[in-house]
$ cat final-v7.pdb   # PDB, C-alpha atoms and all ligand atoms
MODEL        1
ATOM      1  CA  MET E 569      30.305 -10.760  37.185
ATOM      2  CA  ARG E 570      27.054 -12.727  36.916
ATOM      3  CA  LEU E 571      27.387 -13.668  40.576
ATOM      4  CA  LEU E 572      27.810 -10.144  41.859
ATOM      5  CA  PRO E 573      24.125  -9.377  42.532
ATOM      6  CA  SER E 574      23.916 -12.399  44.824
ATOM      7  CA  LEU E 575      27.103 -11.304  46.539
ATOM      8  CA  ALA E 576      25.630  -7.850  47.053
ATOM      9  CA  LEU E 577      22.593  -9.427  48.690
ATOM     10  CA  LEU E 578      24.888 -11.519  50.825
ATOM     11  CA  LEU E 579      26.818  -8.477  51.967
ATOM     12  CA  LEU E 580      23.635  -6.555  52.667
ATOM     13  CA  ALA E 581      22.364  -9.540  54.643
ATOM     14  CA  GLY E 582      25.443  -9.330  56.818
ATOM     15  CA  CYS E 583      27.061 -12.595  55.672
ATOM     16  CA  ALA E 584      30.202 -10.693  54.730
ATOM     17  CA  THR E 585      30.100  -7.884  57.250
ATOM     18  CA  ASP E 586      32.056  -4.793  58.191
ATOM     19  CA  ASP E 587      34.188  -7.166  60.253
ATOM     20  CA  PHE E 588      35.308  -9.012  57.127
ATOM     21  CA  ILE E 589      39.083  -8.775  56.795
ATOM     22  CA  VAL E 590      41.253  -8.677  53.676
ATOM     23  CA  ILE E 591      44.648 -10.258  54.359
ATOM     24  CA  ALA E 592      47.429  -9.390  51.922
ATOM     25  CA  HIS E 593      49.175 -12.759  51.659
ATOM     26  CA  ARG E 594      52.940 -12.145  51.873
ATOM     27  CA  GLY E 595      51.965  -8.536  51.005
ATOM     28  CA  ALA E 596      50.550  -7.758  47.566
ATOM     29  CA  SER E 597      52.655 -10.670  46.381
ATOM     30  CA  TRP E 598      51.031 -11.035  42.979
ATOM     31  CA  ASP E 599      52.528  -7.731  41.872
ATOM     32  CA  ALA E 600      55.689  -7.470  43.983
ATOM     33  CA  PRO E 601      58.161  -9.912  45.526
ATOM     34  CA  GLU E 602      56.679 -11.625  48.576
ATOM     35  CA  HIS E 603      57.536 -10.448  52.073
ATOM     36  CA  THR E 604      59.343  -7.270  51.015
ATOM     37  CA  PHE E 605      58.669  -3.644  51.843
ATOM     38  CA  ALA E 606      57.684  -3.279  48.159
ATOM     39  CA  ALA E 607      54.942  -5.900  48.580
ATOM     40  CA  TYR E 608      53.736  -4.443  51.883
ATOM     41  CA  ASP E 609      53.834  -0.836  50.634
ATOM     42  CA  LEU E 610      51.749  -1.872  47.645
ATOM     43  CA  ALA E 611      49.253  -3.813  49.781
ATOM     44  CA  VAL E 612      48.753  -0.790  52.039
ATOM     45  CA  ALA E 613      48.459   1.540  49.026
ATOM     46  CA  GLN E 614      45.827  -0.780  47.555
ATOM     47  CA  GLY E 615      43.830  -0.500  50.778
ATOM     48  CA  ALA E 616      44.560  -3.799  52.531
ATOM     49  CA  GLU E 617      44.266  -3.397  56.277
ATOM     50  CA  TRP E 618      46.012  -6.662  57.176
ATOM     51  CA  ILE E 619      49.457  -7.726  55.930
ATOM     52  CA  GLU E 620      50.820 -11.244  56.424
ATOM     53  CA  GLN E 621      54.288 -12.205  57.696
ATOM     54  CA  ASP E 622      55.817 -15.710  57.697
ATOM     55  CA  LEU E 623      58.514 -16.004  60.354
ATOM     56  CA  GLN E 624      61.899 -17.692  60.305
ATOM     57  CA  MET E 625      64.601 -17.439  62.973
ATOM     58  CA  THR E 626      68.283 -16.814  62.270
ATOM     59  CA  ARG E 627      71.218 -18.585  63.908
ATOM     60  CA  ASP E 628      71.611 -15.610  66.237
ATOM     61  CA  GLY E 629      67.950 -15.710  67.260
ATOM     62  CA  GLN E 630      66.544 -12.860  65.156
ATOM     63  CA  LEU E 631      63.016 -13.086  63.696
ATOM     64  CA  VAL E 632      62.969 -12.424  59.963
ATOM     65  CA  VAL E 633      60.130 -12.420  57.472
ATOM     66  CA  LEU E 634      60.538 -15.114  54.833
ATOM     67  CA  HIS E 635      58.242 -17.918  53.705
ATOM     68  CA  ASP E 636      60.717 -20.760  53.146
ATOM     69  CA  ASP E 637      63.110 -22.171  55.731
ATOM     70  CA  SER E 638      65.652 -22.181  52.888
ATOM     71  CA  LEU E 639      67.055 -19.130  51.145
ATOM     72  CA  ASP E 640      67.436 -20.900  47.819
ATOM     73  CA  ARG E 641      64.174 -19.972  46.104
ATOM     74  CA  THR E 642      64.029 -16.234  46.720
ATOM     75  CA  ALA E 643      67.427 -14.961  47.963
ATOM     76  CA  ARG E 644      70.321 -13.957  45.743
ATOM     77  CA  GLY E 645      73.800 -12.840  46.763
ATOM     78  CA  PRO E 646      77.038 -14.389  48.023
ATOM     79  CA  GLU E 647      76.578 -18.154  48.243
ATOM     80  CA  THR E 648      77.921 -18.472  51.791
ATOM     81  CA  ASP E 649      75.315 -15.961  52.985
ATOM     82  CA  CYS E 650      72.361 -16.514  50.646
ATOM     83  CA  ARG E 651      72.148 -20.294  50.033
ATOM     84  CA  GLY E 652      70.941 -22.915  52.493
ATOM     85  CA  LEU E 653      68.828 -22.704  55.634
ATOM     86  CA  VAL E 654      67.951 -19.438  57.361
ATOM     87  CA  ARG E 655      68.613 -21.027  60.745
ATOM     88  CA  ASP E 656      72.262 -21.582  59.764
ATOM     89  CA  LYS E 657      72.838 -17.860  58.956
ATOM     90  CA  THR E 658      73.248 -14.791  61.111
ATOM     91  CA  LEU E 659      71.209 -11.648  60.558
ATOM     92  CA  ALA E 660      74.383  -9.925  59.328
ATOM     93  CA  GLN E 661      74.762 -12.603  56.641
ATOM     94  CA  LEU E 662      71.148 -12.192  55.490
ATOM     95  CA  ALA E 663      71.748  -8.462  55.073
ATOM     96  CA  ASN E 664      73.936  -9.399  52.084
ATOM     97  CA  CYS E 665      71.031 -11.029  50.233
ATOM     98  CA  GLU E 666      68.400  -9.466  47.991
ATOM     99  CA  VAL E 667      64.979 -11.057  47.543
ATOM    100  CA  GLY E 668      63.552  -9.345  44.466
ATOM    101  CA  SER E 669      65.412 -10.438  41.352
ATOM    102  CA  TRP E 670      63.931 -13.975  41.473
ATOM    103  CA  PHE E 671      60.513 -12.311  41.043
ATOM    104  CA  ASN E 672      61.683 -10.272  38.039
ATOM    105  CA  ALA E 673      63.032 -13.434  36.403
ATOM    106  CA  GLU E 674      59.903 -15.477  37.178
ATOM    107  CA  TYR E 675      57.328 -12.796  36.308
ATOM    108  CA  PRO E 676      58.843 -10.531  33.618
ATOM    109  CA  ASP E 677      55.440  -8.940  32.948
ATOM    110  CA  ARG E 678      55.356  -7.659  36.551
ATOM    111  CA  ALA E 679      59.090  -6.987  36.953
ATOM    112  CA  LYS E 680      60.498  -3.690  38.229
ATOM    113  CA  ALA E 681      64.206  -2.900  38.402
ATOM    114  CA  GLY E 682      63.850  -1.576  41.960
ATOM    115  CA  PHE E 683      62.672  -4.969  43.242
ATOM    116  CA  ALA E 684      66.249  -6.267  42.989
ATOM    117  CA  ALA E 685      67.205  -3.954  45.871
ATOM    118  CA  GLU E 686      64.682  -5.490  48.298
ATOM    119  CA  ARG E 687      66.126  -7.125  51.450
ATOM    120  CA  ILE E 688      64.787  -9.718  53.891
ATOM    121  CA  PRO E 689      62.984  -7.628  56.519
ATOM    122  CA  THR E 690      63.179  -8.325  60.220
ATOM    123  CA  LEU E 691      59.819  -8.584  61.936
ATOM    124  CA  ASP E 692      60.886  -5.668  64.112
ATOM    125  CA  ALA E 693      61.387  -3.481  61.017
ATOM    126  CA  VAL E 694      57.989  -4.473  59.600
ATOM    127  CA  LEU E 695      56.189  -3.746  62.882
ATOM    128  CA  THR E 696      57.918  -0.353  63.051
ATOM    129  CA  ARG E 697      57.391   0.668  59.424
ATOM    130  CA  TYR E 698      53.682  -0.213  59.291
ATOM    131  CA  ALA E 699      52.689   0.525  62.905
ATOM    132  CA  ALA E 700      50.267   3.279  61.943
ATOM    133  CA  ARG E 701      49.223   1.898  58.578
ATOM    134  CA  ALA E 702      48.441  -1.806  58.893
ATOM    135  CA  ARG E 703      47.552  -4.725  61.115
ATOM    136  CA  PHE E 704      49.799  -7.776  61.326
ATOM    137  CA  TYR E 705      48.831 -11.401  60.631
ATOM    138  CA  ILE E 706      51.951 -13.316  61.644
ATOM    139  CA  GLU E 707      52.677 -17.017  60.993
ATOM    140  CA  THR E 708      55.209 -18.948  63.065
ATOM    141  CA  LYS E 709      56.861 -21.151  60.428
ATOM    142  CA  ASN E 710      58.844 -24.281  61.382
ATOM    143  CA  PRO E 711      58.634 -23.492  65.104
ATOM    144  CA  ALA E 712      59.935 -26.978  65.947
ATOM    145  CA  ASP E 713      63.235 -26.016  64.264
ATOM    146  CA  ALA E 714      63.342 -22.661  66.013
ATOM    147  CA  PRO E 715      63.162 -23.170  69.776
ATOM    148  CA  GLY E 716      62.242 -19.943  71.498
ATOM    149  CA  MET E 717      60.398 -18.501  68.504
ATOM    150  CA  GLU E 718      57.192 -17.978  70.488
ATOM    151  CA  ASP E 719      59.030 -16.300  73.373
ATOM    152  CA  SER E 720      60.896 -13.946  71.020
ATOM    153  CA  LEU E 721      57.697 -13.160  69.156
ATOM    154  CA  LEU E 722      55.810 -12.350  72.349
ATOM    155  CA  ALA E 723      58.624 -10.130  73.593
ATOM    156  CA  LEU E 724      58.604  -8.222  70.313
ATOM    157  CA  LEU E 725      54.819  -7.869  70.241
ATOM    158  CA  ARG E 726      54.896  -6.548  73.801
ATOM    159  CA  ARG E 727      57.645  -4.076  72.950
ATOM    160  CA  HIS E 728      55.549  -2.790  70.049
ATOM    161  CA  ARG E 729      52.517  -2.661  72.363
ATOM    162  CA  LEU E 730      50.565  -5.034  70.167
ATOM    163  CA  VAL E 731      49.712  -7.261  73.131
ATOM    164  CA  GLY E 732      49.769  -6.850  76.895
ATOM    165  CA  PRO E 733      49.072  -3.889  79.176
ATOM    166  CA  GLY E 734      48.430  -0.581  77.393
ATOM    167  CA  THR E 735      48.084  -2.420  74.116
ATOM    168  CA  ARG E 736      46.289  -1.263  70.997
ATOM    169  CA  GLU E 737      43.874  -4.170  70.644
ATOM    170  CA  GLY E 738      42.946  -5.845  67.395
ATOM    171  CA  ARG E 739      46.146  -5.050  65.532
ATOM    172  CA  VAL E 740      47.748  -8.486  65.499
ATOM    173  CA  ILE E 741      46.760 -12.110  64.909
ATOM    174  CA  VAL E 742      49.192 -15.028  65.153
ATOM    175  CA  GLN E 743      48.634 -18.106  62.969
ATOM    176  CA  SER E 744      50.311 -21.504  62.810
ATOM    177  CA  PHE E 745      49.836 -24.995  61.409
ATOM    178  CA  SER E 746      51.009 -26.377  64.766
ATOM    179  CA  PRO E 747      48.255 -26.865  67.396
ATOM    180  CA  ALA E 748      50.874 -27.543  70.070
ATOM    181  CA  ARG E 749      52.698 -24.278  69.379
ATOM    182  CA  LEU E 750      49.471 -22.284  69.397
ATOM    183  CA  GLU E 751      48.435 -23.920  72.664
ATOM    184  CA  ARG E 752      51.790 -22.875  74.131
ATOM    185  CA  LEU E 753      51.332 -19.303  72.896
ATOM    186  CA  HIS E 754      47.834 -19.235  74.370
ATOM    187  CA  ALA E 755      49.196 -20.404  77.721
ATOM    188  CA  LEU E 756      51.901 -17.721  77.617
ATOM    189  CA  GLU E 757      49.579 -14.904  76.514
ATOM    190  CA  PRO E 758      45.839 -15.680  76.580
ATOM    191  CA  ARG E 759      44.982 -12.205  75.191
ATOM    192  CA  LEU E 760      46.778 -12.825  71.901
ATOM    193  CA  PRO E 761      44.300 -13.728  69.110
ATOM    194  CA  LEU E 762      45.316 -16.995  67.430
ATOM    195  CA  VAL E 763      44.273 -18.739  64.228
ATOM    196  CA  GLN E 764      44.768 -22.446  63.586
ATOM    197  CA  LEU E 765      45.800 -23.135  59.987
ATOM    198  CA  TRP E 766      45.007 -26.428  58.327
ATOM    199  CA  ASP E 767      46.479 -27.855  55.135
ATOM    200  CA  ASP E 768      44.399 -29.868  52.684
ATOM    201  CA  ASP E 769      46.031 -33.166  53.682
ATOM    202  CA  ILE E 770      43.022 -34.184  55.776
ATOM    203  CA  ALA E 771      39.587 -35.553  54.917
ATOM    204  CA  PRO E 772      37.026 -32.767  55.446
ATOM    205  CA  ASP E 773      34.945 -35.110  57.643
ATOM    206  CA  ASP E 774      37.904 -35.538  60.007
ATOM    207  CA  LEU E 775      38.267 -31.808  60.356
ATOM    208  CA  VAL E 776      35.047 -30.890  62.115
ATOM    209  CA  PRO E 777      35.849 -32.810  65.351
ATOM    210  CA  LEU E 778      39.236 -31.058  65.503
ATOM    211  CA  LEU E 779      37.472 -27.720  65.813
ATOM    212  CA  ASP E 780      36.437 -28.655  69.357
ATOM    213  CA  ARG E 781      40.115 -28.608  70.359
ATOM    214  CA  VAL E 782      40.848 -25.467  68.333
ATOM    215  CA  ARG E 783      38.144 -23.442  70.082
ATOM    216  CA  GLY E 784      40.047 -23.985  73.348
ATOM    217  CA  TYR E 785      42.894 -21.702  72.321
ATOM    218  CA  ALA E 786      42.092 -19.942  69.037
ATOM    219  CA  MET E 787      39.646 -17.316  67.825
ATOM    220  CA  GLY E 788      39.765 -18.549  64.255
ATOM    221  CA  PHE E 789      40.434 -21.267  61.783
ATOM    222  CA  GLY E 790      42.410 -20.888  58.548
ATOM    223  CA  PRO E 791      41.739 -23.780  56.186
ATOM    224  CA  ALA E 792      43.273 -24.328  52.774
ATOM    225  CA  ARG E 793      40.688 -23.197  50.271
ATOM    226  CA  ARG E 794      40.174 -26.723  48.948
ATOM    227  CA  LEU E 795      38.955 -27.813  52.397
ATOM    228  CA  LEU E 796      36.196 -25.219  52.470
ATOM    229  CA  SER E 797      32.581 -26.261  52.495
ATOM    230  CA  GLN E 798      29.387 -24.789  53.894
ATOM    231  CA  ARG E 799      29.431 -27.544  56.527
ATOM    232  CA  LEU E 800      32.920 -26.590  57.659
ATOM    233  CA  VAL E 801      32.157 -22.862  57.804
ATOM    234  CA  ASN E 802      28.971 -23.543  59.770
ATOM    235  CA  ALA E 803      30.776 -25.922  62.136
ATOM    236  CA  ALA E 804      33.461 -23.314  62.833
ATOM    237  CA  HIS E 805      30.906 -20.562  63.388
ATOM    238  CA  GLU E 806      28.883 -22.792  65.717
ATOM    239  CA  ARG E 807      32.038 -23.083  67.835
ATOM    240  CA  GLY E 808      32.614 -19.325  67.818
ATOM    241  CA  LEU E 809      35.539 -19.525  65.394
ATOM    242  CA  ASP E 810      36.105 -17.046  62.573
ATOM    243  CA  VAL E 811      37.052 -18.597  59.225
ATOM    244  CA  HIS E 812      39.931 -17.152  57.146
ATOM    245  CA  PRO E 813      40.747 -19.446  54.193
ATOM    246  CA  TYR E 814      43.983 -19.253  52.202
ATOM    247  CA  THR E 815      44.943 -18.413  49.428
ATOM    248  CA  VAL E 816      42.263 -17.053  47.087
ATOM    249  CA  ASN E 817      43.446 -15.189  43.987
ATOM    250  CA  ALA E 818      40.825 -15.650  41.257
ATOM    251  CA  GLU E 819      37.780 -13.401  41.382
ATOM    252  CA  ALA E 820      35.344 -16.266  40.785
ATOM    253  CA  ALA E 821      36.889 -18.167  43.696
ATOM    254  CA  MET E 822      36.622 -15.057  45.887
ATOM    255  CA  VAL E 823      32.902 -14.853  45.137
ATOM    256  CA  TYR E 824      32.423 -18.551  45.935
ATOM    257  CA  VAL E 825      34.281 -18.220  49.227
ATOM    258  CA  LEU E 826      32.421 -15.062  50.208
ATOM    259  CA  GLU E 827      29.126 -16.776  49.551
ATOM    260  CA  LEU E 828      30.056 -19.429  52.117
ATOM    261  CA  GLY E 829      30.043 -16.646  54.731
ATOM    262  CA  VAL E 830      33.720 -16.587  55.692
ATOM    263  CA  ASP E 831      35.048 -13.785  57.895
ATOM    264  CA  GLY E 832      38.117 -12.887  55.854
ATOM    265  CA  MET E 833      40.519 -14.376  53.350
ATOM    266  CA  PHE E 834      44.166 -14.456  52.394
ATOM    267  CA  THR E 835      44.908 -13.237  48.893
ATOM    268  CA  ASP E 836      48.000 -12.298  46.896
ATOM    269  CA  ARG E 837      45.713  -9.815  45.117
ATOM    270  CA  PRO E 838      44.113  -7.553  47.728
ATOM    271  CA  ASP E 839      43.315  -5.018  44.983
ATOM    272  CA  VAL E 840      41.093  -7.555  43.210
ATOM    273  CA  LEU E 841      39.277  -8.545  46.405
ATOM    274  CA  LEU E 842      38.790  -4.946  47.544
ATOM    275  CA  ARG E 843      37.421  -3.937  44.147
ATOM    276  CA  LEU E 844      35.042  -6.882  44.255
ATOM    277  CA  LEU E 845      33.821  -5.903  47.712
ATOM    278  CA  GLN E 846      33.403  -2.268  46.683
ATOM    279  CA  ARG E 847      31.497  -3.128  43.513
ATOM    280  CA  SER E 848      29.256  -5.434  45.493
ATOM    281  CA  THR E 849      28.284  -2.775  48.008
ATOM    282  CA  SER E 850      27.977   0.270  45.710
ATOM    283  CA  PRO E 851      24.448   1.119  44.603
TER     284      PRO E 851
HETATM  285  O1  LIG E 901      49.123 -18.483  56.375
HETATM  286  C1  LIG E 901      48.160 -18.833  55.444
HETATM  287  C2  LIG E 901      48.921 -19.359  54.318
HETATM  288  O2  LIG E 901      49.907 -18.402  54.059
HETATM  289  C3  LIG E 901      49.569 -20.665  54.641
HETATM  290  O3  LIG E 901      50.312 -21.087  53.582
HETATM  291  O4  LIG E 901      52.485 -21.708  52.717
HETATM  292  O5  LIG E 901      51.483 -19.540  52.068
HETATM  293  O6  LIG E 901      52.346 -19.872  54.365
HETATM  294  P1  LIG E 901      51.727 -20.520  53.177
HETATM  295 CA    CA E 902      51.637 -17.974  55.626
ENDMDL
END
$ encode --input "final-v7.pdb" --output "structure tokens"
Amino acid sequence: MRLLPSLALLLLAGCATDDFIVIAHRGASWDAPEHTFAAYDLAVAQGAEWIEQDLQMTRDGQLVVLHDDSLDRTARGPETDCRGLVRDKTLAQLANCEVGSWFNAEYPDRAKAGFAAERIPTLDAVLTRYAARARFYIETKNPADAPGMEDSLLALLRRHRLVGPGTREGRVIVQSFSPARLERLHALEPRLPLVQLWDDDIAPDDLVPLLDRVRGYAMGFGPARRLLSQRLVNAAHERGLDVHPYTVNAEAAMVYVLELGVDGMFTDRPDVLLRLLQRSTSP
């Protein structure tokens, strides 16, 4: 709270501008099971404009929204269908799994009986359901284990008119930890906005030179929060890259990150971030 006046000044000074984006990380995944319609519905109801999807590919080549390559952490149901790797299952098998009861067991204070009915959504279903209500921030997970993921993703984005001729611009961003995969996507579809993610397994000093490569194919850079520094934010901005750190859930950390002048952030708690932004700009 003590920091809010300085944040207000920062916002008024344009450091966190109208272009600042709130990204609901795996949906409003603090309060509902990640990557479910329940989490996305809640994020949209809370006012988040951007919802995040992590992509996996099934054995029969369907894109589904799930963080882990394995079903074991979040899926429950018949063992033959709901244990093991997503890439070894068909979409029909995944339809037999629910992905909400793990959340109720792990977070009893936030549990809701209805969560246990949540299913693994296809990306197609998410793009359809939220077409008029949200923008999509899609991560290609494990693309090396899913040959053809980029091609399938592009085909789907074109079908939903999120990229390509007649497109509604500014409604999708694709993110990945893999520079090679993003470079391939950029070659396939130069109009698609891309963000290069970076984990905190690198010395911050080694990161700045990498930005020169990133600017060749991406519009932004998504560092782990622990990598963030004023030097890094400035270096990215000097290269024309937006900065969207992940994943910021505590209000004090949100204030710190905003004060560095980032252009958006991933949070499991979009309600907390939006309230902070509103309080900071109200007279
Ligand atoms: O995509 C940003 C952030 O979500 C990367 O980490 O593991 O939550 O996908 P992860
Ligand atoms: Ca992600």
$ residues_near_ligand --input "final-v7.pdb" --ligand "ligand LIG 901 (chain E)" --cutoff "12 Å" --atoms "all atoms listed in the file" --output "ChimeraX atom specification"
/E:591-595,597,602-603,619-624,633-637,704-710,741-746,762-768,789-793,811-816,832-836
$ resolve_selection --input "final-v7.pdb" --expression "the PyMOL selection byres (((chain E and resi 721-732) around 10) and not hetatm)" --output "ChimeraX atom specification"
/E:623,630-631,691-692,695-696,699,703-704,706,708,716-720,733-742,753,756-761
$ resolve_selection --input "final-v7.pdb" --expression "the PyMOL selection byres (((chain E and resi 684) around 8) and not hetatm)" --output "list in words"
Glu666, Val667, Gly668, Ser669, Asn672, Lys680, Ala681, Gly682, Phe683, Ala685 and Glu686 of chain E
$ resolve_selection --input "final-v7.pdb" --expression "the PyMOL selection byres (((chain E and resi 664) around 9) and not hetatm)" --output "count of residues only"
12
$ atom_distance --input "final-v7.pdb" --atom1 "atom CA of E:Asp769" --atom2 "atom CA of E:Asn817"
20.6 Å
$ residues_around --input "final-v7.pdb" --residues "E:Lys657" --least-positions-apart "5" --cutoff "10 Å" --atoms "all atoms listed in the file" --output "PyMOL selection string"
chain E and resi 625-629+639+648-652+662
$ atom_distance --input "final-v7.pdb" --atom1 "atom CA of E:Asp839" --atom2 "atom CA of E:Ala616"
7.7 Å
$ residues_around --input "final-v7.pdb" --residues "E:Glu751" --least-positions-apart "6" --cutoff "9 Å" --atoms "all atoms listed in the file" --output "MDAnalysis selection string"
chainID E and resid 782 784:786
$ axis_aligned_box --input "final-v7.pdb" --around "stretch 692-695 of chain E" --padding-each-side "6 Å" --output "JSON"
{"center_x": 58.8, "center_y": -4.6, "center_z": 61.9, "size_x": 17.2, "size_y": 14.2, "size_z": 16.5}
$ atom_distance --input "final-v7.pdb" --atom1 "atom CA of E:Ser638" --atom2 "atom CA of E:Trp670"
14.2 Å
$ residues_near_point --input "final-v7.pdb" --point "(38.9, -29.9, 67.2)" --cutoff "12 Å" --atoms "only C-alpha atoms" --output "JSON, numbers by chain"
{"E": [747, 764, 766, 773, 774, 775, 776, 777, 778, 779, 780, 781, 782, 783, 784, 785, 786, 788, 789, 800, 803, 804, 807, 809]}
$ closest_residue --input "final-v7.pdb" --among "E:Ala613, E:Ile589, E:Thr690, E:Glu819" --to "E:Arg843" --atoms "all atoms listed in the file"
E:Glu819
$ decode --input "final-v7.pdb" --residues "stretch 764-776 of chain E" --atoms "N, CA and C atoms" --output "PDB file, in the first residue's frame"
ATOM      1  N   GLN E 764       9.427 -14.410 -26.822  1.00  0.00           N
ATOM      2  CA  GLN E 764      10.447 -15.381 -26.401  1.00  0.00           C
ATOM      3  C   GLN E 764      10.468 -15.466 -24.876  1.00  0.00           C
ATOM      4  N   LEU E 765      10.144 -16.641 -24.350  1.00  0.00           N
ATOM      5  CA  LEU E 765      10.222 -16.859 -22.901  1.00  0.00           C
ATOM      6  C   LEU E 765      11.656 -17.198 -22.515  1.00  0.00           C
ATOM      7  N   TRP E 766      12.007 -16.868 -21.253  1.00  0.00           N
ATOM      8  CA  TRP E 766      13.304 -17.319 -20.777  1.00  0.00           C
ATOM      9  C   TRP E 766      13.215 -17.714 -19.311  1.00  0.00           C
ATOM     10  N   ASP E 767      13.707 -18.909 -19.014  1.00  0.00           N
ATOM     11  CA  ASP E 767      13.696 -19.421 -17.643  1.00  0.00           C
ATOM     12  C   ASP E 767      14.846 -18.785 -16.857  1.00  0.00           C
ATOM     13  N   ASP E 768      14.841 -18.993 -15.535  1.00  0.00           N
ATOM     14  CA  ASP E 768      15.861 -18.312 -14.733  1.00  0.00           C
ATOM     15  C   ASP E 768      17.142 -19.143 -14.589  1.00  0.00           C
ATOM     16  N   ASP E 769      17.387 -20.027 -15.574  1.00  0.00           N
ATOM     17  CA  ASP E 769      18.594 -20.850 -15.526  1.00  0.00           C
ATOM     18  C   ASP E 769      19.742 -20.208 -16.301  1.00  0.00           C
ATOM     19  N   ILE E 770      19.784 -18.895 -16.341  1.00  0.00           N
ATOM     20  CA  ILE E 770      20.809 -18.186 -17.098  1.00  0.00           C
ATOM     21  C   ILE E 770      21.264 -16.994 -16.265  1.00  0.00           C
ATOM     22  N   ALA E 771      22.540 -16.652 -16.372  1.00  0.00           N
ATOM     23  CA  ALA E 771      23.036 -15.466 -15.665  1.00  0.00           C
ATOM     24  C   ALA E 771      22.472 -14.235 -16.356  1.00  0.00           C
ATOM     25  N   PRO E 772      21.911 -13.287 -15.581  1.00  0.00           N
ATOM     26  CA  PRO E 772      21.307 -12.101 -16.203  1.00  0.00           C
ATOM     27  C   PRO E 772      22.238 -11.409 -17.199  1.00  0.00           C
ATOM     28  N   ASP E 773      23.561 -11.405 -16.914  1.00  0.00           N
ATOM     29  CA  ASP E 773      24.489 -10.736 -17.833  1.00  0.00           C
ATOM     30  C   ASP E 773      24.566 -11.431 -19.195  1.00  0.00           C
ATOM     31  N   ASP E 774      24.271 -12.739 -19.204  1.00  0.00           N
ATOM     32  CA  ASP E 774      24.324 -13.479 -20.475  1.00  0.00           C
ATOM     33  C   ASP E 774      23.064 -13.272 -21.305  1.00  0.00           C
ATOM     34  N   LEU E 775      22.069 -12.683 -20.665  1.00  0.00           N
ATOM     35  CA  LEU E 775      20.767 -12.572 -21.307  1.00  0.00           C
ATOM     36  C   LEU E 775      20.701 -11.416 -22.301  1.00  0.00           C
ATOM     37  N   VAL E 776      21.319 -10.304 -21.931  1.00  0.00           N
ATOM     38  CA  VAL E 776      21.182  -9.103 -22.753  1.00  0.00           C
ATOM     39  C   VAL E 776      21.646  -9.349 -24.196  1.00  0.00           C
TER      40      VAL E 776
END
